[in-house]
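Source file: protein.pdb (PDB, C-alpha atoms)
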ATOM      1  CA  ILE A1289     -50.658  17.449  -8.784
ATOM      2  CA  ASP A1290     -52.274  14.070  -8.255
ATOM      3  CA  VAL A1291     -53.118  13.058  -4.688
ATOM      4  CA  ALA A1292     -52.969   9.357  -3.835
ATOM      5  CA  ALA A1293     -54.582   7.464  -0.960
ATOM      6  CA  ASP A1294     -52.755   4.450   0.423
ATOM      7  CA  GLU A1295     -53.760   2.725   3.674
ATOM      8  CA  THR A1296     -57.130   4.517   3.702
ATOM      9  CA  VAL A1297     -58.224   2.098   0.990
ATOM     10  CA  ALA A1298     -57.915  -0.792   3.489
ATOM     11  CA  ILE A1299     -60.439   0.696   5.926
ATOM     12  CA  PRO A1300     -63.909  -0.827   5.405
ATOM     13  CA  GLY A1301     -65.799   1.649   3.252
ATOM     14  CA  GLY A1302     -62.584   3.569   2.545
ATOM     15  CA  VAL A1303     -63.057   3.761  -1.221
ATOM     16  CA  GLU A1304     -66.590   5.051  -0.725
ATOM     17  CA  ARG A1305     -65.408   7.706   1.760
ATOM     18  CA  LEU A1306     -62.601   8.782  -0.549
ATOM     19  CA  ALA A1307     -65.236   9.661  -3.144
ATOM     20  CA  LEU A1308     -65.978  12.679  -0.934
ATOM     21  CA  VAL A1309     -62.365  13.894  -1.187
ATOM     22  CA  LYS A1310     -62.327  15.591  -4.573
ATOM     23  CA  SER A1311     -58.545  16.084  -4.595
ATOM     24  CA  CYS A1312     -57.847  12.331  -4.357
ATOM     25  CA  ASN A1313     -57.753  10.695  -7.775
ATOM     26  CA  VAL A1314     -55.174   7.902  -7.328
ATOM     27  CA  LEU A1315     -55.404   4.830  -5.090
ATOM     28  CA  VAL A1316     -52.415   2.735  -4.034
ATOM     29  CA  LEU A1317     -53.434  -0.910  -3.723
ATOM     30  CA  LYS A1318     -51.299  -3.356  -1.751
ATOM     31  CA  PRO A1319     -52.944  -6.787  -2.039
ATOM     32  CA  MET A1320     -51.696  -8.118   1.304
ATOM     33  CA  VAL A1321     -53.107  -5.062   3.114
ATOM     34  CA  LEU A1322     -56.427  -5.570   1.345
ATOM     35  CA  GLY A1323     -56.914  -9.226   2.265
ATOM     36  CA  GLY A1324     -55.248 -10.821  -0.752
ATOM     37  CA  ALA A1325     -55.197 -10.522  -4.510
ATOM     38  CA  LEU A1326     -58.863 -11.398  -5.086
ATOM     39  CA  ASN A1327     -60.147  -8.787  -2.650
ATOM     40  CA  ALA A1328     -57.697  -6.260  -4.097
ATOM     41  CA  LEU A1329     -59.066  -7.027  -7.580
ATOM     42  CA  ARG A1330     -62.623  -6.475  -6.322
ATOM     43  CA  ILE A1331     -61.635  -3.107  -4.839
ATOM     44  CA  ALA A1332     -59.683  -2.198  -7.990
ATOM     45  CA  LYS A1333     -62.707  -2.807 -10.210
ATOM     46  CA  ILE A1334     -64.877  -0.600  -7.975
ATOM     47  CA  ALA A1335     -62.203   2.095  -7.958
ATOM     48  CA  GLN A1336     -61.705   2.040 -11.723
ATOM     49  CA  ALA A1337     -65.472   2.228 -12.258
ATOM     50  CA  ARG A1338     -65.337   5.423 -10.167
ATOM     51  CA  LYS A1339     -62.549   6.800 -12.388
ATOM     52  CA  TYR A1340     -59.694   6.443  -9.891
ATOM     53  CA  ARG A1341     -56.287   5.724 -11.341
ATOM     54  CA  LEU A1342     -54.412   2.930  -9.587
ATOM     55  CA  VAL A1343     -50.921   2.108  -8.407
ATOM     56  CA  ILE A1344     -50.258  -1.542  -7.523
ATOM     57  CA  SER A1345     -47.602  -1.989  -4.856
ATOM     58  CA  HIS A1346     -46.535  -4.378  -2.077
ATOM     59  CA  LEU A1347     -45.328  -4.579   1.528
ATOM     60  CA  PHE A1348     -41.846  -5.884   0.739
ATOM     61  CA  ASP A1349     -43.546  -9.214   0.084
ATOM     62  CA  GLY A1350     -41.746 -12.425  -0.766
ATOM     63  CA  PRO A1351     -41.891 -14.053  -4.204
ATOM     64  CA  ILE A1352     -45.500 -15.238  -3.829
ATOM     65  CA  GLY A1353     -46.856 -11.826  -2.825
ATOM     66  CA  LEU A1354     -44.824 -10.116  -5.527
ATOM     67  CA  ALA A1355     -46.102 -12.536  -8.180
ATOM     68  CA  ALA A1356     -49.683 -12.010  -6.948
ATOM     69  CA  GLY A1357     -49.224  -8.244  -7.346
ATOM     70  CA  MET A1358     -48.007  -8.760 -10.900
ATOM     71  CA  GLN A1359     -51.061 -10.908 -11.661
ATOM     72  CA  LEU A1360     -53.355  -8.273 -10.150
ATOM     73  CA  ALA A1361     -51.815  -5.485 -12.236
ATOM     74  CA  CYS A1362     -52.375  -7.502 -15.412
ATOM     75  CA  ALA A1363     -55.931  -8.519 -14.467
ATOM     76  CA  LEU A1364     -57.270  -4.973 -14.168
ATOM     77  CA  PRO A1365     -59.842  -3.750 -16.684
ATOM     78  CA  TYR A1366     -57.569  -0.730 -17.395
ATOM     79  CA  PRO A1367     -53.771  -0.631 -16.979
ATOM     80  CA  PRO A1368     -52.578   0.856 -13.680
ATOM     81  CA  LEU A1369     -50.923   4.274 -13.565
ATOM     82  CA  ALA A1370     -47.793   2.611 -12.165
ATOM     83  CA  CYS A1371     -46.602  -0.445 -10.283
ATOM     84  CA  GLY A1372     -44.296  -0.501  -7.279
ATOM     85  CA  LEU A1373     -43.404  -4.151  -7.805
ATOM     86  CA  ASP A1374     -39.658  -4.076  -8.263
ATOM     87  CA  GLU A1375     -37.119  -6.195  -6.413
ATOM     88  CA  HIS A1376     -36.144  -5.286  -2.847
ATOM     89  CA  PRO A1377     -33.360  -6.468  -0.501
ATOM     90  CA  GLY A1378     -35.630  -8.908   1.364
ATOM     91  CA  LEU A1379     -35.891 -11.060  -1.753
ATOM     92  CA  SER A1380     -32.249 -12.064  -1.309
ATOM     93  CA  ILE A1381     -33.538 -14.816   0.999
ATOM     94  CA  TRP A1382     -34.933 -16.497  -2.136
ATOM     95  CA  PRO A1383     -32.234 -15.808  -4.756
ATOM     96  CA  ASP A1384     -33.626 -18.300  -7.278
ATOM     97  CA  ALA A1385     -37.315 -17.644  -6.725
ATOM     98  CA  LEU A1386     -38.170 -14.395  -8.468
ATOM     99  CA  PRO A1387     -41.320 -14.524 -10.573
ATOM    100  CA  ALA A1388     -40.725 -15.507 -14.185
ATOM    101  CA  GLY A1389     -40.839 -12.511 -16.488
ATOM    102  CA  MET A1390     -39.619 -10.044 -13.876
ATOM    103  CA  GLY A1391     -36.985  -7.723 -15.291
ATOM    104  CA  ALA A1392     -35.425  -4.375 -14.614
ATOM    105  CA  ASN A1393     -38.267  -1.850 -14.383
ATOM    106  CA  SER A1394     -40.776  -4.105 -16.145
ATOM    107  CA  PHE A1395     -42.494  -7.456 -15.985
ATOM    108  CA  ARG A1396     -44.540  -9.795 -18.125
ATOM    109  CA  LEU A1397     -46.619 -12.727 -17.029
ATOM    110  CA  ASP A1398     -45.445 -16.263 -17.571
ATOM    111  CA  GLU A1399     -47.668 -18.212 -19.967
ATOM    112  CA  ARG A1400     -47.774 -21.279 -17.737
ATOM    113  CA  PRO A1401     -50.551 -21.746 -15.171
ATOM    114  CA  GLY A1402     -49.955 -20.399 -11.687
ATOM    115  CA  LEU A1403     -47.896 -17.470 -10.491
ATOM    116  CA  GLY A1404     -44.806 -18.215 -12.579
ATOM    117  CA  LEU A1405     -42.653 -19.176  -9.608
ATOM    118  CA  PRO A1406     -40.136 -21.991  -9.393
ATOM    119  CA  LEU A1407     -40.657 -24.565  -6.663
ATOM    120  CA  LEU A1408     -39.524 -22.886  -3.456
ATOM    121  CA  GLN A1409     -37.067 -24.791  -1.311
ATOM    122  CA  PRO A1410     -36.946 -24.457   2.488
ATOM    123  CA  VAL A1411     -34.410 -21.958   3.750
ATOM    124  CA  ALA A1412     -31.696 -23.728   5.759
TER     125      ALA A1412
END
What is this structure when it is put down as structure tokens?
Amino acid sequence: IDVAADETVAIPGGVERLALVKSCNVLVLKPMVLGGALNALRIAKIAQARKYRLVISHLFDGPIGLAAGMQLACALPYPPLACGLDEHPGLSIWPDALPAGMGANSFRLDERPGLGLPLLQPVA
């Protein structure tokens, strides 16, 4: 049975300390916990170089955070084990703002520059 580490990854030096836990072979990366998509990508590259398998997830983020997670998953040197990037009830605040290419149980990146989001309108 695979053992995954979640919030431990966010602790400074967490990935290095997890190397001492032989039973842990999967890391759950949530970009907003890790300081954003670029820092999450940096951690992901270190983790994959150390042979960890990855799961990319979110904190019930809005459309921007969700799109950033999708970009992160597709930017990895090796595909993630899984992604927890599906829709959630909180997204109902932005009914017309889901990332382009997001479908039931899958996603693909939009070919246009940016995160593939429509222009967000203020919520009244």
Can you pull out every residue within 12 Å of Ala1363 (chain A), counting all atoms listed in the file, but drop anything in the same chain fewer than 6 positions away, and send it as a PyMOL selection string? chain A and resi 1325-1326+1328-1330+1332-1333+1344+1356-1357+1397
Show me, as a ChimeraX atom specification, the residues that have an atom within 9 Å of region 1300-1304 of chain A when counting only C-alpha atoms, minus same-chain residues fewer than 3 positions from it. /A:1295-1297,1307-1308,1315,1331,1334-1335
Contacts of Leu1405 (chain A) at 7 Å (only C-alpha atoms; same-chain gap of 3+ positions) as a VMD selection string: chain A and resid 1385 to 1388
May I have the selected residues written with C-alpha atoms, as an mmCIF file, in the frame of the given file?
data_model
loop_
_atom_site.group_PDB
_atom_site.id
_atom_site.type_symbol
_atom_site.label_atom_id
_atom_site.label_comp_id
_atom_site.auth_asym_id
_atom_site.auth_seq_id
_atom_site.Cartn_x
_atom_site.Cartn_y
_atom_site.Cartn_z
ATOM 1 C CA ALA A 1385 -37.315 -17.644 -6.725
ATOM 2 C CA LEU A 1386 -38.170 -14.395 -8.468
ATOM 3 C CA PRO A 1387 -41.320 -14.524 -10.573
ATOM 4 C CA ALA A 1388 -40.725 -15.507 -14.185
#
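Restricting the calculation to all atoms listed in the file, the smallest distance between Leu1407 (chain A) and any of A:Cys1362, A:Met1390, A:Ile1352, A:Leu1322 is found for A:Ile1352.
For the atom pair formed by CA of Pro1406 (chain A) and CA of Gly1372 (chain A), the distance is 22.0 Å, given to one decimal.
Here CA of Leu1373 (chain A) stands at a distance of 14.6 Å from CA of Val1321 (chain A).
Counting only C-alpha atoms and comparing A:Leu1360, A:Gly1350, A:Asp1290, A:Ser1394, the residue that lies closest to Asn1327 (chain A) is A:Leu1360.
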With the file shown as input, list the residues that the PyMOL selection byres ((chain A and resi 1292) around 7) selects, as a list in words. Asp1290, Val1291, Ala1293, Asp1294, Cys1312, Asn1313, Val1314, Leu1315 and Val1316 of chain A
Could those residues be written to a file, using C-alpha atoms, as a PDB file, keeping the file's coordinate frame?
ATOM      1  CA  ASP A1290     -52.274  14.070  -8.255  1.00  0.00           C
ATOM      2  CA  VAL A1291     -53.118  13.058  -4.688  1.00  0.00           C
ATOM      3  CA  ALA A1293     -54.582   7.464  -0.960  1.00  0.00           C
ATOM      4  CA  ASP A1294     -52.755   4.450   0.423  1.00  0.00           C
ATOM      5  CA  CYS A1312     -57.847  12.331  -4.357  1.00  0.00           C
ATOM      6  CA  ASN A1313     -57.753  10.695  -7.775  1.00  0.00           C
ATOM      7  CA  VAL A1314     -55.174   7.902  -7.328  1.00  0.00           C
ATOM      8  CA  LEU A1315     -55.404   4.830  -5.090  1.00  0.00           C
ATOM      9  CA  VAL A1316     -52.415   2.735  -4.034  1.00  0.00           C
TER      10      VAL A1316
END
